[in-house]
>>> print(open('protein-v7.cif').read())   # mmCIF, C-alpha atoms (C1' of nucleotides)
data_upload
loop_
_atom_site.label_atom_id
_atom_site.label_comp_id
_atom_site.auth_asym_id
_atom_site.auth_seq_id
_atom_site.Cartn_x
_atom_site.Cartn_y
_atom_site.Cartn_z
CA MET K 1 26.35 12.79 0.35
CA ARG K 2 22.59 12.52 0.41
CA ILE K 3 20.41 9.81 1.80
CA GLY K 4 19.95 7.91 -1.43
CA GLU K 5 23.63 7.43 -1.93
CA LEU K 6 24.21 6.49 1.70
CA ALA K 7 21.45 3.92 1.41
CA ARG K 8 22.96 2.51 -1.76
CA ARG K 9 26.45 2.38 -0.32
CA THR K 10 25.48 0.75 2.95
CA GLY K 11 22.64 -1.43 1.77
CA VAL K 12 20.40 0.08 4.43
CA SER K 13 17.04 1.48 3.39
CA GLU K 14 16.37 5.20 3.48
CA ARG K 15 13.57 4.45 5.90
CA SER K 16 16.03 2.89 8.31
CA LEU K 17 18.53 5.71 7.99
CA ARG K 18 15.83 8.19 8.95
CA TYR K 19 14.89 5.93 11.82
CA TYR K 20 18.50 5.83 13.01
CA GLU K 21 18.52 9.59 13.01
CA GLN K 22 15.33 9.68 15.01
CA GLN K 23 16.94 7.35 17.54
CA GLY K 24 19.93 9.65 17.81
CA LEU K 25 22.29 7.17 16.19
CA LEU K 26 23.12 9.11 13.07
CA ALA K 27 23.34 12.84 12.59
CA ALA K 28 23.07 14.79 9.37
CA ARG K 29 23.48 18.37 8.38
CA ARG K 30 20.66 19.79 6.35
CA THR K 31 20.66 21.73 3.13
CA ALA K 32 18.81 25.01 2.94
CA GLY K 33 15.84 23.08 1.67
CA GLY K 34 15.90 20.52 4.44
CA HIS K 35 17.54 17.61 2.69
CA ARG K 36 19.96 15.52 4.73
CA GLU K 37 23.64 15.85 3.93
CA TYR K 38 25.98 13.17 5.26
CA PRO K 39 29.77 13.22 5.63
CA GLU K 40 31.87 10.35 4.29
CA ALA K 41 32.26 8.98 7.81
CA ALA K 42 28.55 8.24 7.89
CA VAL K 43 29.17 5.10 5.85
CA ASP K 44 31.37 3.65 8.57
CA ARG K 45 28.98 4.75 11.22
CA VAL K 46 26.07 3.00 9.56
CA VAL K 47 28.21 -0.12 9.24
CA HIS K 48 28.90 0.04 12.97
CA ILE K 49 25.23 0.48 13.69
CA GLN K 50 24.43 -2.54 11.58
CA GLU K 51 27.00 -4.65 13.37
CA LEU K 52 25.50 -3.76 16.70
CA TYR K 53 21.97 -4.40 15.50
CA ALA K 54 23.15 -7.73 14.17
CA ALA K 55 24.31 -8.55 17.68
CA GLY K 56 20.75 -8.07 18.84
CA LEU K 57 21.36 -4.83 20.67
CA HIS K 58 18.53 -2.33 20.96
CA SER K 59 18.84 1.16 19.59
CA ARG K 60 18.97 2.59 23.09
CA THR K 61 22.01 0.48 23.88
CA ILE K 62 23.63 1.31 20.57
CA TYR K 63 23.01 4.95 21.33
CA LYS K 64 25.08 4.59 24.47
CA ILE K 65 27.85 2.58 22.85
CA LEU K 66 28.47 4.59 19.71
CA PRO K 67 30.36 7.44 21.32
CA CYS K 68 32.81 4.87 22.67
CA MET K 69 33.57 3.25 19.34
CA GLN K 70 36.41 4.05 17.04
CA ASP K 71 35.35 5.02 13.59
CA ALA K 72 36.64 6.77 10.53
CA ASP K 73 36.43 10.03 12.43
CA GLY K 74 39.20 8.82 14.69
CA SER K 75 39.29 7.96 18.33
CA PRO K 76 36.25 7.42 20.48
CA SER K 77 34.96 10.63 21.91
CA GLU K 78 33.88 9.19 25.21
CA ILE K 79 34.85 6.57 27.71
CA ALA K 80 32.16 4.23 28.88
CA THR K 81 30.89 4.48 32.40
CA PRO K 82 31.38 1.39 34.54
CA LEU K 83 27.64 0.90 34.30
CA LEU K 84 27.78 0.77 30.51
CA VAL K 85 30.69 -1.65 30.61
CA GLU K 86 28.65 -3.85 32.89
CA GLU K 87 25.74 -3.65 30.49
CA LEU K 88 27.94 -4.55 27.55
CA THR K 89 29.35 -7.48 29.44
CA ALA K 90 25.82 -8.67 30.07
CA GLU K 91 25.12 -8.33 26.36
CA ARG K 92 28.19 -10.36 25.63
CA GLU K 93 26.90 -13.10 27.88
CA ARG K 94 23.56 -12.95 26.14
CA ILE K 95 25.29 -13.43 22.83
CA ASP K 96 27.22 -16.36 24.25
CA ARG K 97 23.97 -17.91 25.33
CA MET K 98 22.46 -17.35 21.92
CA ILE K 99 25.41 -19.03 20.27
CA THR K 100 25.14 -21.98 22.61
CA ASP K 101 21.43 -22.23 21.97
CA LEU K 102 21.91 -22.06 18.25
CA LEU K 103 24.53 -24.78 18.31
CA ARG K 104 22.05 -26.91 20.20
CA SER K 105 19.32 -25.95 17.75
CA ARG K 106 21.48 -26.94 14.86
CA GLU K 107 22.04 -30.34 16.41
CA VAL K 108 18.33 -30.82 16.87
CA LEU K 109 17.70 -29.78 13.31
CA ASP K 110 20.38 -32.14 12.05
CA GLU K 111 18.74 -34.92 13.94
CA VAL K 112 15.43 -34.07 12.35
CA ILE K 113 16.98 -33.95 8.92
CA VAL K 114 18.52 -37.35 9.35
CA THR K 115 15.37 -38.84 10.79
CA ALA K 116 13.20 -37.17 8.24
CA SER K 117 15.16 -37.70 5.09
CA GLY K 118 16.89 -40.99 5.24
CA GLN K 119 15.05 -43.44 7.31
CA PRO K 120 11.52 -44.70 7.31
CA ALA K 121 10.46 -45.79 10.79
CA SER K 122 11.00 -49.41 9.87
CA GLU K 123 14.68 -48.74 9.34
CA VAL K 124 15.30 -47.24 12.75
CA ALA K 125 17.47 -49.58 14.75
CA MET U 1 -2.96 -33.57 32.72
CA ARG U 2 -4.51 -30.14 32.38
CA ILE U 3 -3.07 -26.99 30.95
CA GLY U 4 -1.89 -25.55 34.25
CA GLU U 5 0.26 -28.55 35.03
CA LEU U 6 1.64 -28.73 31.52
CA ALA U 7 2.55 -25.08 31.73
CA ARG U 8 4.26 -25.60 35.04
CA ARG U 9 6.16 -28.65 33.89
CA THR U 10 7.37 -27.14 30.64
CA GLY U 11 7.84 -23.57 31.72
CA VAL U 12 5.66 -22.45 28.85
CA SER U 13 2.75 -20.14 29.56
CA GLU U 14 -0.82 -21.32 29.23
CA ARG U 15 -1.29 -18.63 26.64
CA SER U 16 1.44 -20.12 24.52
CA LEU U 17 0.13 -23.64 24.89
CA ARG U 18 -3.25 -22.53 23.59
CA TYR U 19 -1.50 -20.73 20.78
CA TYR U 20 0.41 -23.89 19.88
CA GLU U 21 -2.88 -25.72 19.67
CA GLN U 22 -4.31 -23.03 17.45
CA GLN U 23 -1.30 -23.42 15.17
CA GLY U 24 -1.86 -27.15 15.01
CA LEU U 25 1.31 -27.98 16.92
CA LEU U 26 -0.25 -29.50 19.99
CA ALA U 27 -3.46 -31.48 20.29
CA ALA U 28 -5.57 -32.03 23.37
CA ARG U 29 -8.59 -34.08 24.21
CA ARG U 30 -11.36 -32.19 25.92
CA THR U 31 -13.31 -33.00 29.04
CA ALA U 32 -17.09 -32.92 28.91
CA GLY U 33 -16.89 -29.34 30.07
CA GLY U 34 -14.40 -28.30 27.43
CA HIS U 35 -11.19 -28.29 29.48
CA ARG U 36 -8.05 -29.48 27.70
CA GLU U 37 -6.67 -32.84 28.78
CA TYR U 38 -3.09 -33.64 27.77
CA PRO U 39 -1.31 -36.99 27.67
CA GLU U 40 2.10 -37.41 29.30
CA ALA U 41 3.75 -37.23 25.90
CA ALA U 42 2.64 -33.62 25.57
CA VAL U 43 5.52 -32.59 27.81
CA ASP U 44 8.07 -33.94 25.35
CA ARG U 45 6.18 -32.47 22.47
CA VAL U 46 6.21 -29.01 24.00
CA VAL U 47 9.92 -29.37 24.65
CA HIS U 48 10.42 -30.22 20.99
CA ILE U 49 8.36 -27.24 19.96
CA GLN U 50 10.46 -25.01 22.17
CA GLU U 51 13.67 -26.32 20.69
CA LEU U 52 12.45 -25.57 17.21
CA TYR U 53 11.23 -22.12 18.18
CA ALA U 54 14.62 -21.52 19.75
CA ALA U 55 16.17 -22.28 16.39
CA GLY U 56 14.16 -19.42 14.97
CA LEU U 57 11.75 -21.59 13.02
CA HIS U 58 8.25 -20.31 12.40
CA SER U 59 5.23 -22.18 13.59
CA ARG U 60 4.31 -23.11 10.04
CA THR U 61 7.66 -24.80 9.59
CA ILE U 62 7.43 -26.48 12.95
CA TYR U 63 4.01 -27.71 11.96
CA LYS U 64 5.55 -29.48 9.00
CA ILE U 65 8.50 -30.88 10.94
CA LEU U 66 6.79 -32.26 14.00
CA PRO U 67 5.31 -35.37 12.40
CA CYS U 68 8.85 -36.32 11.38
CA MET U 69 10.34 -36.08 14.83
CA GLN U 70 10.80 -38.86 17.31
CA ASP U 71 9.15 -38.26 20.60
CA ALA U 72 8.00 -40.11 23.64
CA ASP U 73 5.23 -41.58 21.54
CA GLY U 74 7.80 -43.51 19.58
CA SER U 75 8.89 -43.32 16.01
CA PRO U 76 8.06 -40.50 13.68
CA SER U 77 4.75 -40.97 11.97
CA GLU U 78 5.77 -39.45 8.70
CA ILE U 79 8.73 -39.15 6.41
CA ALA U 80 9.56 -35.72 5.16
CA THR U 81 9.01 -34.86 1.54
CA PRO U 82 12.13 -33.89 -0.39
CA LEU U 83 10.74 -30.38 -0.38
CA LEU U 84 10.65 -30.29 3.40
CA VAL U 85 14.16 -31.69 3.65
CA GLU U 86 15.28 -28.94 1.33
CA GLU U 87 13.56 -26.39 3.50
CA LEU U 88 15.15 -27.77 6.63
CA THR U 89 18.55 -27.69 5.00
CA ALA U 90 17.96 -24.05 4.17
CA GLU U 91 17.03 -23.45 7.80
CA ARG U 92 20.22 -25.14 8.85
CA GLU U 93 22.19 -22.81 6.65
CA ARG U 94 20.34 -19.87 8.12
CA ILE U 95 21.32 -21.03 11.59
CA ASP U 96 24.91 -21.40 10.45
CA ARG U 97 24.84 -17.85 9.19
CA MET U 98 23.37 -16.64 12.45
CA ILE U 99 26.11 -18.37 14.41
CA THR U 100 28.76 -16.85 12.18
CA ASP U 101 27.18 -13.43 12.53
CA LEU U 102 26.98 -13.76 16.28
CA LEU U 103 30.61 -14.78 16.56
CA ARG U 104 31.47 -11.68 14.56
CA SER U 105 29.15 -9.62 16.74
CA ARG U 106 30.84 -10.91 19.83
CA GLU U 107 34.19 -9.85 18.47
CA VAL U 108 32.88 -6.38 17.75
CA LEU U 109 31.42 -6.16 21.19
CA ASP U 110 34.65 -7.31 22.78
CA GLU U 111 36.47 -4.64 20.89
CA VAL U 112 34.03 -2.06 22.16
CA ILE U 113 34.40 -3.31 25.69
CA VAL U 114 38.15 -3.04 25.52
CA THR U 115 38.07 0.36 23.90
CA ALA U 116 35.38 1.60 26.17
CA SER U 117 36.58 0.32 29.49
CA GLY U 118 40.32 0.46 29.50
CA GLN U 119 41.65 3.20 27.41
CA PRO U 120 41.03 6.91 27.29
CA ALA U 121 41.60 8.31 23.81
CA SER U 122 44.92 9.80 24.90
CA GLU U 123 46.25 6.33 25.63
CA VAL U 124 45.53 4.97 22.19
CA ALA U 125 48.78 4.38 20.34
"C1'" DG C 1 -24.37 -27.70 46.73
"C1'" DT C 2 -21.07 -24.39 47.24
"C1'" DG C 3 -16.95 -21.70 46.97
"C1'" DG C 4 -12.75 -20.82 45.12
"C1'" DA C 5 -9.23 -22.41 42.04
"C1'" DA C 6 -8.56 -23.36 37.41
"C1'" DG C 7 -10.16 -23.23 32.61
"C1'" DC C 8 -12.54 -21.34 28.60
"C1'" DT C 9 -12.94 -17.87 24.51
"C1'" DA C 10 -12.28 -13.61 22.36
"C1'" DA C 11 -10.17 -9.45 21.74
"C1'" DC C 12 -6.79 -6.13 22.13
"C1'" DA C 13 -1.84 -4.70 23.35
"C1'" DT C 14 3.12 -5.19 22.95
"C1'" DT C 15 7.68 -5.07 20.77
"C1'" DG C 16 10.91 -2.74 17.33
"C1'" DA C 17 12.81 -2.23 13.18
"C1'" DT C 18 11.27 -1.68 8.80
"C1'" DG C 19 7.87 -1.38 4.66
"C1'" DT C 20 4.75 1.50 2.36
"C1'" DC C 21 1.85 5.16 0.99
"C1'" DA C 22 0.20 9.91 0.50
"C1'" DG C 23 0.83 14.42 -0.42
"C1'" DG C 24 3.89 17.81 -0.70
"C1'" DT C 25 8.86 20.22 -1.51
"C1'" DT C 26 13.55 20.59 -3.24
"C1'" DC C 27 17.20 19.86 -6.33
"C1'" DA C 28 19.66 20.07 -10.54
"C1'" DA C 29 20.10 19.43 -15.38
"C1'" DG C 30 18.44 20.95 -19.62
"C1'" DC P 1 11.47 27.94 -16.26
"C1'" DT P 2 10.47 23.36 -16.37
"C1'" DT P 3 10.50 18.73 -15.34
"C1'" DG P 4 11.45 14.52 -13.29
"C1'" DA P 5 14.24 12.41 -9.85
"C1'" DA P 6 15.14 12.66 -5.22
"C1'" DC P 7 13.78 14.05 -0.80
"C1'" DC P 8 10.71 15.55 3.09
"C1'" DT P 9 7.21 14.41 7.06
"C1'" DG P 10 3.70 11.77 9.08
"C1'" DA P 11 0.91 8.02 9.52
"C1'" DC P 12 -0.33 3.47 9.28
"C1'" DA P 13 0.94 -1.57 8.38
"C1'" DT P 14 3.70 -5.64 9.31
"C1'" DC P 15 5.41 -9.88 11.70
"C1'" DA P 16 4.81 -13.49 15.41
"C1'" DA P 17 4.74 -15.00 19.64
"C1'" DT P 18 3.19 -13.77 23.89
"C1'" DG P 19 1.01 -10.72 27.67
"C1'" DT P 20 -3.18 -9.10 29.49
"C1'" DT P 21 -7.89 -8.40 30.46
"C1'" DA P 22 -12.85 -9.35 30.75
"C1'" DG P 23 -16.57 -12.06 31.46
"C1'" DC P 24 -18.06 -16.45 31.91
"C1'" DT P 25 -17.89 -21.73 32.95
"C1'" DT P 26 -16.14 -25.94 34.91
"C1'" DC P 27 -14.07 -28.69 38.29
"C1'" DC P 28 -13.56 -30.70 42.72
"C1'" DA P 29 -12.87 -30.93 47.68
"C1'" DC P 30 -15.43 -30.01 51.41
#
>>> encode(input="protein-v7.cif", output="structure tokens")
Amino acid sequence: MRIGELARRTGVSERSLRYYEQQGLLAARRTAGGHREYPEAAVDRVVHIQELYAAGLHSRTIYKILPCMQDADGSPSEIATPLLVEELTAERERIDRMITDLLRSREVLDEVIVTASGQPASEVA
Amino acid sequence: MRIGELARRTGVSERSLRYYEQQGLLAARRTAGGHREYPEAAVDRVVHIQELYAAGLHSRTIYKILPCMQDADGSPSEIATPLLVEELTAERERIDRMITDLLRSREVLDEVIVTASGQPASEVA
DNA sequence: GTGGAAGCTAACATTGATGTCAGGTTCAAG
DNA sequence: CTTGAACCTGACATCAATGTTAGCTTCCAC
């Protein structure tokens, strides 16, 4: 399929798809005229990429992870080096911290909402 | 206290403290020579600001919230408008979504870690 | 009053994924 | 062949908080 369809089907802009290619995350054959031609599996791959971006990973890290992921093409083509596993574990801890922070943030925000919406200062016990 | 001490005590850079002032988040009296002079309560205020930044709020939103928060100075000086409460509720939902997304991201990452660390493709059932 | 630490302003740089525009080429249906 | 949609590259813009630098001023302990 071509880039427009891939963009439509994944909800990712054409701009971003080209960027992913530039970062080595997404390959495409080219037509004689230079247009990108994607296989079906590209949809899954883009979904994977999005999931990893959503986790706050940088494209360089995603670049290293992708070969180790299972996708529609089948089994992962590479096994992670111990160094990569260590890096991923560190990322996991970062995500844990973010979750913790966000839970805390939500509490703070709730407190603000209560303070701000319901109670004039005179009503505070 | 002066900016250096406030920075040290809050862990926020002087650059950021000046930026907060520029955004209207943090006020300071000035000495005759133009140096910023902060009250004790500034420490709490900066902590509040950090908490809100950590929640992913923009300075403009924080600007609107701060007067509604309780700090070392005592009770909030203003009650939020219904519009602001609505905005904060939207922010809360955004945080909820982020948490959900991160939990999902963590799962994905765990899957990658398992796939990547333990099992060569030949071992996959 | 002096010297060095600490502050001041202003301006520019950074980050990183994505938006947007310009100016051209290719594709495919009629 | 033609035409309009789709695509190409390359460059510049964006966001927002913060880092960094330069050049100058103030503060304060001696």
>>> interface_residues(input="protein-v7.cif", of="chain U", to="chain C", cutoff="9 Å", atoms="only C-alpha atoms (C1' of nucleotides)", output="JSON, numbers by chain")
{"U": [2, 3, 4, 34, 35, 36]}
>>> write_last_selection(input="protein-v7.cif", atoms="C-alpha atoms", output="mmCIF file, in the frame of the given file")
data_model
loop_
_atom_site.group_PDB
_atom_site.id
_atom_site.type_symbol
_atom_site.label_atom_id
_atom_site.label_comp_id
_atom_site.auth_asym_id
_atom_site.auth_seq_id
_atom_site.Cartn_x
_atom_site.Cartn_y
_atom_site.Cartn_z
ATOM 1 C CA ARG U 2 -4.510 -30.140 32.380
ATOM 2 C CA ILE U 3 -3.070 -26.990 30.950
ATOM 3 C CA GLY U 4 -1.890 -25.550 34.250
ATOM 4 C CA GLY U 34 -14.400 -28.300 27.430
ATOM 5 C CA HIS U 35 -11.190 -28.290 29.480
ATOM 6 C CA ARG U 36 -8.050 -29.480 27.700
#
>>> atom_distance(input="protein-v7.cif", atom1="atom CA of Asp101 of chain U", atom2="atom CA of Glu51 of chain K")
8.8 Å
>>> interface_residues(input="protein-v7.cif", of="chain U", to="chain P", cutoff="12 Å", atoms="all atoms listed in the file", output="list in words")
Arg2, Val12, Ser13, Glu14, Arg15, Ser16, Leu17, Arg18, Tyr19, Tyr20, Gln23, Arg30, Thr31, Ala32, Gly33, Gly34, His35, Arg36, Gln50, Tyr53, Ala54, Gly56, Leu57, His58, Ser59 and Arg60 of chain U
>>> resolve_selection(input="protein-v7.cif", expression="the PyMOL selection byres ((chain U and resi 47) around 12)", output="PyMOL selection string")
(chain K and resi 108) or (chain U and resi 6-7+9-12+17+20+25-26+41-46+48-54+66+69+71-72)
>>> resolve_selection(input="protein-v7.cif", expression="the PyMOL selection byres ((chain U and resi 95) around 10)", output="list of chain:residue names")
K:Ile99, K:Leu102, K:Leu103, K:Ser105, K:Arg106, K:Leu109, U:Ala55, U:Gly56, U:Leu57, U:Thr89, U:Ala90, U:Glu91, U:Arg92, U:Glu93, U:Arg94, U:Asp96, U:Arg97, U:Met98, U:Ile99, U:Thr100, U:Asp101
>>> atom_distance(input="protein-v7.cif", atom1="atom CA of Met1 of chain U", atom2="atom CA of Pro67 of chain U")
22.0 Å
>>> atom_distance(input="protein-v7.cif", atom1="atom CA of Glu21 of chain K", atom2="atom CA of Asp110 of chain U")
25.3 Å
>>> closest_residue(input="protein-v7.cif", among="K:Ala80, K:Gln22, K:Glu107, K:Tyr38", to="chain U", atoms="all atoms listed in the file")
K:Ala80
